[in-house]
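Q: Sending over coords.json (JSON, C-alpha atoms).
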```
[["chain", "number", "residue", "atom", "x", "y", "z"],
["A", 1, "MET", "CA", -19.38, 19.40, 37.38],
["A", 2, "ASP", "CA", -17.63, 22.51, 36.18],
["A", 3, "ASP", "CA", -14.40, 22.15, 34.24],
["A", 4, "PRO", "CA", -11.72, 24.52, 35.55],
["A", 5, "TRP", "CA", -9.52, 23.83, 32.49],
["A", 6, "ALA", "CA", -12.14, 24.75, 29.91],
["A", 7, "ARG", "CA", -12.03, 28.21, 28.42],
["A", 8, "PRO", "CA", -15.05, 30.36, 29.27],
["A", 9, "PRO", "CA", -16.85, 31.11, 26.01],
["A", 10, "GLY", "CA", -17.52, 34.69, 25.05],
["A", 11, "THR", "CA", -16.32, 37.75, 26.91],
["A", 12, "ALA", "CA", -16.32, 38.29, 30.66],
["A", 13, "ALA", "CA", -19.57, 40.21, 30.39],
["A", 14, "GLU", "CA", -21.25, 37.24, 28.69],
["A", 15, "HIS", "CA", -20.09, 34.66, 31.23],
["A", 16, "ARG", "CA", -21.37, 33.99, 34.69],
["A", 17, "PRO", "CA", -18.47, 33.84, 37.22],
["A", 18, "GLY", "CA", -17.65, 30.39, 38.53],
["A", 19, "ASN", "CA", -19.32, 28.65, 35.59],
["A", 20, "TRP", "CA", -16.37, 27.75, 33.40],
["A", 21, "GLY", "CA", -17.40, 24.84, 31.25],
["A", 22, "GLY", "CA", -20.81, 24.66, 32.94],
["A", 23, "ASP", "CA", -24.20, 25.78, 31.68],
["A", 24, "PRO", "CA", -23.65, 28.55, 29.13],
["A", 25, "VAL", "CA", -25.25, 31.96, 29.30],
["A", 26, "PRO", "CA", -26.58, 32.87, 25.84],
["A", 27, "GLY", "CA", -24.72, 35.81, 24.36],
["A", 28, "PRO", "CA", -25.06, 37.95, 21.27],
["A", 29, "ALA", "CA", -24.47, 36.32, 17.91],
["A", 30, "VAL", "CA", -21.31, 37.12, 15.99],
["A", 31, "GLU", "CA", -20.42, 36.79, 12.35],
["A", 32, "ALA", "CA", -19.44, 33.28, 11.35],
["A", 33, "SER", "CA", -15.72, 32.70, 10.92],
["A", 34, "THR", "CA", -14.28, 32.09, 7.48],
["A", 35, "GLY", "CA", -11.31, 30.14, 8.83],
["A", 36, "PRO", "CA", -10.12, 26.91, 7.24],
["A", 37, "LEU", "CA", -12.03, 23.67, 7.57],
["A", 38, "VAL", "CA", -10.25, 20.33, 7.25],
["A", 39, "SER", "CA", -12.01, 17.02, 6.75],
["A", 40, "PRO", "CA", -11.27, 14.59, 9.62],
["A", 41, "ALA", "CA", -12.03, 11.65, 7.32],
["A", 42, "ARG", "CA", -8.36, 10.88, 6.57],
["A", 43, "ARG", "CA", -7.59, 10.46, 10.26],
["A", 44, "LEU", "CA", -10.83, 8.59, 10.98],
["A", 45, "ARG", "CA", -9.77, 5.31, 9.38],
["A", 46, "PRO", "CA", -6.56, 4.71, 11.41],
["A", 47, "ALA", "CA", -8.36, 5.83, 14.57],
["A", 48, "ARG", "CA", -11.20, 3.43, 13.86],
["A", 49, "ILE", "CA", -8.78, 0.55, 13.23],
["A", 50, "ALA", "CA", -6.91, 1.32, 16.46],
["A", 51, "VAL", "CA", -10.12, 1.47, 18.52],
["A", 52, "VAL", "CA", -11.42, -1.80, 17.03],
["A", 53, "GLY", "CA", -8.04, -3.42, 17.69],
["A", 54, "ALA", "CA", -8.15, -2.31, 21.33],
["A", 55, "ALA", "CA", -11.71, -3.66, 21.62],
["A", 56, "ILE", "CA", -10.60, -7.04, 20.23],
["A", 57, "LEU", "CA", -7.79, -7.22, 22.77],
["A", 58, "SER", "CA", -10.32, -6.35, 25.49],
["A", 59, "LEU", "CA", -12.35, -9.34, 24.31],
["A", 60, "VAL", "CA", -9.30, -11.57, 24.59],
["A", 61, "GLU", "CA", -8.55, -10.18, 28.04],
["A", 62, "GLY", "CA", -12.15, -10.74, 29.09],
["A", 63, "LEU", "CA", -11.96, -14.38, 28.02],
["A", 64, "THR", "CA", -8.67, -14.98, 29.86],
["A", 65, "SER", "CA", -10.08, -13.24, 32.95],
["A", 66, "ALA", "CA", -13.18, -15.45, 32.81],
["A", 67, "TRP", "CA", -10.89, -18.49, 32.57],
["A", 68, "ALA", "CA", -8.82, -17.23, 35.52],
["A", 69, "LEU", "CA", -12.01, -16.59, 37.49],
["A", 70, "TRP", "CA", -13.15, -20.16, 36.85],
["A", 71, "GLU", "CA", -9.83, -21.61, 38.00],
["A", 72, "THR", "CA", -9.77, -19.37, 41.09],
["A", 73, "ARG", "CA", -13.25, -20.42, 42.16],
["A", 74, "SER", "CA", -12.34, -24.05, 41.53],
["A", 75, "VAL", "CA", -9.27, -23.78, 43.77],
["A", 76, "ALA", "CA", -11.27, -21.92, 46.43],
["A", 77, "GLY", "CA", -13.85, -24.71, 46.40],
["A", 78, "ASP", "CA", -11.15, -27.32, 47.08],
["A", 79, "GLU", "CA", -9.31, -25.35, 49.77],
["A", 80, "PRO", "CA", -10.33, -26.04, 53.40],
["A", 81, "GLY", "CA", -10.07, -22.32, 54.15],
["A", 82, "GLY", "CA", -12.08, -21.33, 51.08],
["A", 83, "GLY", "CA", -11.64, -17.85, 49.67],
["A", 84, "ASP", "CA", -9.78, -16.58, 52.70],
["A", 85, "THR", "CA", -6.80, -18.77, 51.87],
["A", 86, "PRO", "CA", -3.70, -16.69, 51.00],
["A", 87, "LEU", "CA", -2.09, -17.43, 47.65],
["A", 88, "ASP", "CA", 1.16, -18.50, 49.29],
["A", 89, "GLY", "CA", -0.67, -20.97, 51.54],
["A", 90, "LEU", "CA", -2.55, -23.12, 49.02],
["A", 91, "THR", "CA", -2.87, -26.80, 49.97],
["A", 92, "VAL", "CA", -4.62, -28.14, 46.87],
["A", 93, "SER", "CA", -2.84, -30.42, 44.42],
["A", 94, "GLN", "CA", 0.23, -29.14, 42.62],
["A", 95, "ASP", "CA", -1.58, -29.66, 39.34],
["A", 96, "ALA", "CA", -4.36, -27.28, 40.42],
["A", 97, "ILE", "CA", -1.80, -24.74, 41.62],
["A", 98, "ASP", "CA", 0.08, -24.96, 38.32],
["A", 99, "ARG", "CA", -3.11, -24.37, 36.33],
["A", 100, "PHE", "CA", -4.01, -21.42, 38.54],
["A", 101, "ASN", "CA", -0.56, -19.85, 38.17],
["A", 102, "ALA", "CA", -0.51, -20.43, 34.41],
["A", 103, "VAL", "CA", -3.83, -18.78, 33.74],
["A", 104, "SER", "CA", -2.98, -15.91, 36.08],
["A", 105, "GLY", "CA", 0.24, -15.32, 34.17],
["A", 106, "VAL", "CA", -1.52, -15.42, 30.80],
["A", 107, "ASP", "CA", -4.16, -12.96, 32.01],
["A", 108, "GLY", "CA", -1.46, -10.61, 33.30],
["A", 109, "VAL", "CA", 0.38, -10.60, 29.96],
["A", 110, "VAL", "CA", -2.84, -10.04, 28.00],
["A", 111, "ALA", "CA", -3.79, -7.19, 30.35],
["A", 112, "ILE", "CA", -0.46, -5.45, 29.70],
["A", 113, "ILE", "CA", -0.90, -5.84, 25.93],
["A", 114, "GLY", "CA", -4.43, -4.47, 26.28],
["A", 115, "VAL", "CA", -3.16, -1.34, 28.06],
["A", 116, "LEU", "CA", -0.60, -0.80, 25.30],
["A", 117, "ALA", "CA", -3.35, -1.18, 22.70],
["A", 118, "LEU", "CA", -5.43, 1.46, 24.48],
["A", 119, "ILE", "CA", -2.46, 3.84, 24.48],
["A", 120, "VAL", "CA", -1.95, 3.33, 20.74],
["A", 121, "ALA", "CA", -5.67, 3.86, 20.15],
["A", 122, "ALA", "CA", -5.55, 7.05, 22.23],
["A", 123, "VAL", "CA", -2.77, 8.44, 20.01],
["A", 124, "PHE", "CA", -4.80, 7.93, 16.84],
["A", 125, "VAL", "CA", -8.03, 9.16, 18.44],
["A", 126, "ILE", "CA", -6.34, 12.35, 19.63],
["A", 127, "ARG", "CA", -4.94, 12.93, 16.11],
["A", 128, "TRP", "CA", -8.48, 12.69, 14.75],
["A", 129, "GLU", "CA", -9.89, 14.79, 17.59],
["A", 130, "ASN", "CA", -7.31, 17.48, 16.88],
["A", 131, "VAL", "CA", -8.87, 18.08, 13.45],
["A", 132, "VAL", "CA", -12.49, 18.34, 14.60],
["A", 133, "LEU", "CA", -11.57, 20.70, 17.42],
["A", 134, "ARG", "CA", -9.46, 22.93, 15.18],
["A", 135, "ASN", "CA", -12.44, 23.16, 12.83],
["A", 136, "GLN", "CA", -14.47, 24.96, 15.48],
["A", 137, "ARG", "CA", -13.08, 28.39, 14.60],
["A", 138, "GLY", "CA", -13.81, 27.80, 10.93],
["A", 139, "LEU", "CA", -17.36, 26.87, 11.92],
["A", 140, "GLY", "CA", -17.93, 30.20, 13.64],
["A", 141, "VAL", "CA", -16.85, 29.53, 17.23],
["A", 142, "PRO", "CA", -14.73, 32.58, 18.19],
["A", 143, "ARG", "CA", -13.38, 31.10, 21.44],
["A", 144, "PRO", "CA", -13.68, 27.31, 21.69],
["A", 145, "ARG", "CA", -13.86, 25.96, 25.23],
["A", 146, "TYR", "CA", -11.29, 23.26, 24.49],
["A", 147, "ALA", "CA", -8.07, 23.74, 22.58],
["A", 148, "PRO", "CA", -6.88, 20.51, 20.89],
["A", 149, "VAL", "CA", -3.91, 20.16, 23.26],
["A", 150, "ALA", "CA", -6.09, 20.59, 26.35],
["A", 151, "ALA", "CA", -8.63, 18.08, 25.04],
["A", 152, "GLY", "CA", -5.83, 15.57, 24.43],
["A", 153, "PHE", "CA", -4.54, 15.91, 27.98],
["A", 154, "SER", "CA", -8.07, 15.57, 29.36],
["A", 155, "TRP", "CA", -8.02, 11.85, 28.49],
["A", 156, "PHE", "CA", -5.19, 11.22, 30.96],
["A", 157, "VAL", "CA", -5.47, 13.73, 33.80],
["A", 158, "PRO", "CA", -7.24, 12.25, 36.87],
["A", 159, "ILE", "CA", -10.68, 13.71, 37.65],
["A", 160, "TRP", "CA", -10.61, 15.75, 34.43],
["A", 161, "SER", "CA", -10.73, 12.49, 32.48],
["A", 162, "LEU", "CA", -14.16, 11.79, 33.99],
["A", 163, "PHE", "CA", -15.81, 14.54, 31.92],
["A", 164, "GLY", "CA", -13.31, 16.49, 29.79],
["A", 165, "PRO", "CA", -13.14, 14.21, 26.71],
["A", 166, "LYS", "CA", -16.92, 13.92, 26.50],
["A", 167, "ARG", "CA", -17.40, 17.69, 26.73],
["A", 168, "ALA", "CA", -14.77, 18.35, 24.08],
["A", 169, "LEU", "CA", -16.48, 16.01, 21.61],
["A", 170, "ASN", "CA", -19.87, 17.46, 22.52],
["A", 171, "ASP", "CA", -18.48, 20.82, 21.42],
["A", 172, "ALA", "CA", -17.10, 19.35, 18.20],
["A", 173, "TRP", "CA", -20.58, 18.04, 17.38],
["A", 174, "ARG", "CA", -22.38, 21.26, 18.32],
["A", 175, "ALA", "CA", -20.03, 23.52, 16.38],
["A", 176, "ALA", "CA", -20.69, 21.60, 13.16],
["A", 177, "ALA", "CA", -24.48, 22.01, 13.24],
["A", 178, "PRO", "CA", -26.12, 22.67, 9.85],
["A", 179, "ALA", "CA", -26.57, 26.29, 8.83],
["A", 180, "SER", "CA", -30.31, 25.84, 9.30],
["A", 181, "GLU", "CA", -29.70, 25.70, 13.07],
["A", 182, "GLY", "CA", -28.08, 29.13, 13.05],
["A", 183, "ARG", "CA", -24.55, 30.35, 13.43],
["A", 184, "ALA", "CA", -22.23, 29.30, 16.21],
["A", 185, "GLY", "CA", -21.69, 32.82, 17.51],
["A", 186, "GLY", "CA", -22.10, 33.79, 21.15],
["A", 187, "ASP", "CA", -22.80, 30.98, 23.60],
["A", 188, "ALA", "CA", -26.10, 29.73, 22.19],
["A", 189, "TRP", "CA", -24.36, 26.93, 20.28],
["A", 190, "LEU", "CA", -23.37, 25.31, 23.59],
["A", 191, "VAL", "CA", -26.97, 24.40, 24.41],
["A", 192, "ARG", "CA", -27.48, 22.41, 21.21],
["A", 193, "ALA", "CA", -28.44, 18.82, 21.91],
["A", 194, "VAL", "CA", -26.03, 15.96, 21.31],
["A", 195, "PRO", "CA", -27.13, 12.43, 20.36],
["A", 196, "THR", "CA", -27.94, 9.93, 23.10],
["A", 197, "LEU", "CA", -25.23, 7.80, 21.49],
["A", 198, "PHE", "CA", -22.61, 10.11, 23.02],
["A", 199, "THR", "CA", -23.95, 9.57, 26.53],
["A", 200, "ALA", "CA", -24.19, 5.80, 26.04],
["A", 201, "TRP", "CA", -20.57, 5.67, 24.84],
["A", 202, "TRP", "CA", -19.27, 7.72, 27.73],
["A", 203, "ALA", "CA", -21.29, 5.83, 30.35],
["A", 204, "THR", "CA", -19.97, 2.44, 29.21],
["A", 205, "TRP", "CA", -16.41, 3.79, 29.00],
["A", 206, "LEU", "CA", -16.57, 5.14, 32.56],
["A", 207, "VAL", "CA", -18.05, 1.90, 33.90],
["A", 208, "GLY", "CA", -15.17, -0.05, 32.38],
["A", 209, "GLN", "CA", -12.51, 2.30, 33.74],
["A", 210, "ILE", "CA", -13.99, 2.66, 37.21],
["A", 211, "VAL", "CA", -14.73, -1.05, 37.71],
["A", 212, "GLY", "CA", -11.36, -2.14, 36.32],
["A", 213, "ASN", "CA", -9.36, 0.32, 38.41],
["A", 214, "GLY", "CA", -11.49, -0.29, 41.50],
["A", 215, "ALA", "CA", -11.08, -4.07, 41.35],
["A", 216, "THR", "CA", -7.31, -3.70, 41.04],
["A", 217, "ARG", "CA", -7.09, -1.45, 44.10],
["A", 218, "LEU", "CA", -9.44, -3.48, 46.31],
["A", 219, "THR", "CA", -7.83, -6.87, 45.84],
["A", 220, "ASP", "CA", -5.53, -8.67, 48.29],
["A", 221, "ASP", "CA", -3.38, -11.78, 48.09],
["A", 222, "THR", "CA", -6.15, -14.23, 48.86],
["A", 223, "LEU", "CA", -8.37, -16.36, 46.65],
["A", 224, "SER", "CA", -11.29, -13.99, 47.39],
["A", 225, "GLY", "CA", -9.16, -11.05, 46.31],
["A", 226, "GLN", "CA", -8.27, -12.76, 43.06],
["A", 227, "THR", "CA", -11.93, -13.61, 42.49],
["A", 228, "LEU", "CA", -12.78, -9.91, 42.83],
["A", 229, "LEU", "CA", -9.92, -8.97, 40.52],
["A", 230, "TYR", "CA", -10.90, -11.34, 37.72],
["A", 231, "GLY", "CA", -14.62, -10.69, 38.12],
["A", 232, "GLY", "CA", -14.03, -6.95, 37.88],
["A", 233, "SER", "CA", -11.80, -7.50, 34.86],
["A", 234, "VAL", "CA", -14.58, -9.37, 33.05],
["A", 235, "VAL", "CA", -17.07, -6.55, 33.70],
["A", 236, "ALA", "CA", -14.52, -3.90, 32.70],
["A", 237, "CYS", "CA", -13.65, -5.70, 29.49],
["A", 238, "VAL", "CA", -17.29, -6.09, 28.44],
["A", 239, "SER", "CA", -17.91, -2.39, 29.11],
["A", 240, "THR", "CA", -14.76, -1.42, 27.20],
["A", 241, "ILE", "CA", -15.80, -3.50, 24.20],
["A", 242, "VAL", "CA", -19.23, -1.88, 24.10],
["A", 243, "ALA", "CA", -17.67, 1.56, 24.57],
["A", 244, "GLY", "CA", -15.27, 0.90, 21.69],
["A", 245, "VAL", "CA", -18.09, -0.04, 19.32],
["A", 246, "LEU", "CA", -20.11, 3.01, 20.33],
["A", 247, "PHE", "CA", -17.10, 5.30, 20.06],
["A", 248, "VAL", "CA", -16.47, 4.24, 16.47],
["A", 249, "ALA", "CA", -20.05, 5.32, 15.75],
["A", 250, "VAL", "CA", -19.43, 8.63, 17.58],
["A", 251, "MET", "CA", -16.34, 9.37, 15.48],
["A", 252, "GLU", "CA", -18.14, 8.47, 12.27],
["A", 253, "ARG", "CA", -21.08, 10.74, 13.06],
["A", 254, "ILE", "CA", -18.89, 13.69, 14.01],
["A", 255, "THR", "CA", -16.77, 13.20, 10.88],
["A", 256, "ALA", "CA", -19.84, 13.05, 8.65],
["A", 257, "ARG", "CA", -21.21, 16.21, 10.28],
["A", 258, "HIS", "CA", -17.98, 18.12, 9.69],
["A", 259, "ASP", "CA", -17.73, 16.89, 6.11],
["A", 260, "ALA", "CA", -21.30, 18.02, 5.50],
["A", 261, "ARG", "CA", -20.42, 21.52, 6.68],
["A", 262, "ILE", "CA", -17.33, 21.55, 4.45],
["A", 263, "ALA", "CA", -19.46, 20.53, 1.46],
["A", 264, "GLU", "CA", -22.00, 23.18, 2.42],
["A", 265, "ARG", "CA", -19.31, 25.88, 2.43],
["A", 266, "GLU", "CA", -17.81, 24.71, -0.86],
["A", 267, "ALA", "CA", -21.16, 24.48, -2.63],
["A", 268, "PRO", "CA", -21.60, 27.22, -5.25],
["A", 269, "ALA", "CA", -23.87, 30.05, -4.19],
["A", 270, "THR", "CA", -27.27, 30.10, -5.87]]
```
Output the file's structure in the form of structure tokens.

A:
Amino acid sequence: MDDPWARPPGTAAEHRPGNWGGDPVPGPAVEASTGPLVSPARRLRPARIAVVGAAILSLVEGLTSAWALWETRSVAGDEPGGGDTPLDGLTVSQDAIDRFNAVSGVDGVVAIIGVLALIVAAVFVIRWENVVLRNQRGLGVPRPRYAPVAAGFSWFVPIWSLFGPKRALNDAWRAAAPASEGRAGGDAWLVRAVPTLFTAWWATWLVGQIVGNGATRLTDDTLSGQTLLYGGSVVACVSTIVAGVLFVAVMERITARHDARIAEREAPAT
């Protein structure tokens, strides 16, 4: 999928029309930039804490959703109409209805807190991401595909959020390759491999987002609809937890790679 918001690397002569953000066309090498490089390590710690905190809240939400799923299935088993029974037409005991309503309310509150935690984590992640993307020019990338502001927005814009954040961090990793891999001039740097870890993180993140959003939109006001909602929430929470753990590793590896390049530049010439 081509990214219409990404900047085409190189000049017009070095870029195939209609391929913005797609497969790069190797271009001539250019002299490495001597721009400033800033270590992202200082912003890594708060970002890591925020991501871990959001993952912990996802765990709590997953547990409350599993509890709500259990209560929903229990009520559906006691209802003569089964899962097709509307929520406002339950005939089971008042005690069962009270338990169902209580756990549903708890799950709803935890879900709202979880969303707020993700927003806070996004703020700290984007602050960290801003540093590694700004470093690209100092690492020899004359025209980065993603400006920090554009990469930040890519987390929230529909459709773009399905691939923009991953591509931006791919570029941050590629730009900080060791000097032994050659300079970042032209477009050749865009074909450098990224760790499988990046793909695993992004796949689990997308599964969590797609399943969670899909379950919310497909539900109705019946016991079956609530079963789908809570079941989808459990799957989404598990995926989000795994994605959070993997993303911490992604940030740590990118940070270490940038710091290594900074140390390489500051090392005395021999």

Q: Select, from A:Leu190, A:Gly152, A:Thr216, A:Lys166, the residue with the minimum atom-to-atom distance to A:Val125, counting all atoms listed in the file.

A: A:Gly152

Q: Name the residues in contact with A:Ala243 at a cut-off of 9 Å, using all atoms listed in the file, excluding same-chain residues fewer than 5 positions from it; report them as JSON, numbers by chain.

A: {"A": [55, 200, 201, 202, 203, 204, 205, 206, 208, 238, 248]}

Q: At a cut-off of 8 Å, using all atoms listed in the file, what residues contact A:Ser65? Leave out same-chain residues fewer than 6 positions from it and give the result as a CSV table (one decimal) with C-alpha atoms, in the frame of the given file.

A:
```csv
chain,number,residue,atom,x,y,z
A,107,ASP,CA,-4.2,-13.0,32.0
A,230,TYR,CA,-10.9,-11.3,37.7
A,231,GLY,CA,-14.6,-10.7,38.1
A,233,SER,CA,-11.8,-7.5,34.9
A,234,VAL,CA,-14.6,-9.4,33.0
```

Q: May I ask for the distance between atom CA of A:Arg265 and atom CA of A:Ala176, given in Å to one decimal place?

A: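 Rounded to one decimal, the two atoms are 11.6 Å apart.
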
Q: What does the distance between atom CA of A:Ala236 and atom CA of A:Arg73 come to in Å, to one decimal place?

A: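 Computed distance, atom CA of A:Ala236 to atom CA of A:Arg73, equals 19.1 Å.
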
Q: Can you pull out every residue within 9 Å of A:Thr91, counting only C-alpha atoms, but drop anything in the same chain fewer than 4 positions away, and send it as JSON, numbers by chain?

A: {"A": [78, 79, 80, 97]}

Q: Could you check the closest approach to A:Gly82 for each of A:Leu223, A:Ala121, A:Ala96, A:Ile210 and tell me which residue wins, using all atoms listed in the file?

A: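 Under the stated criterion, the closest residue is A:Leu223.
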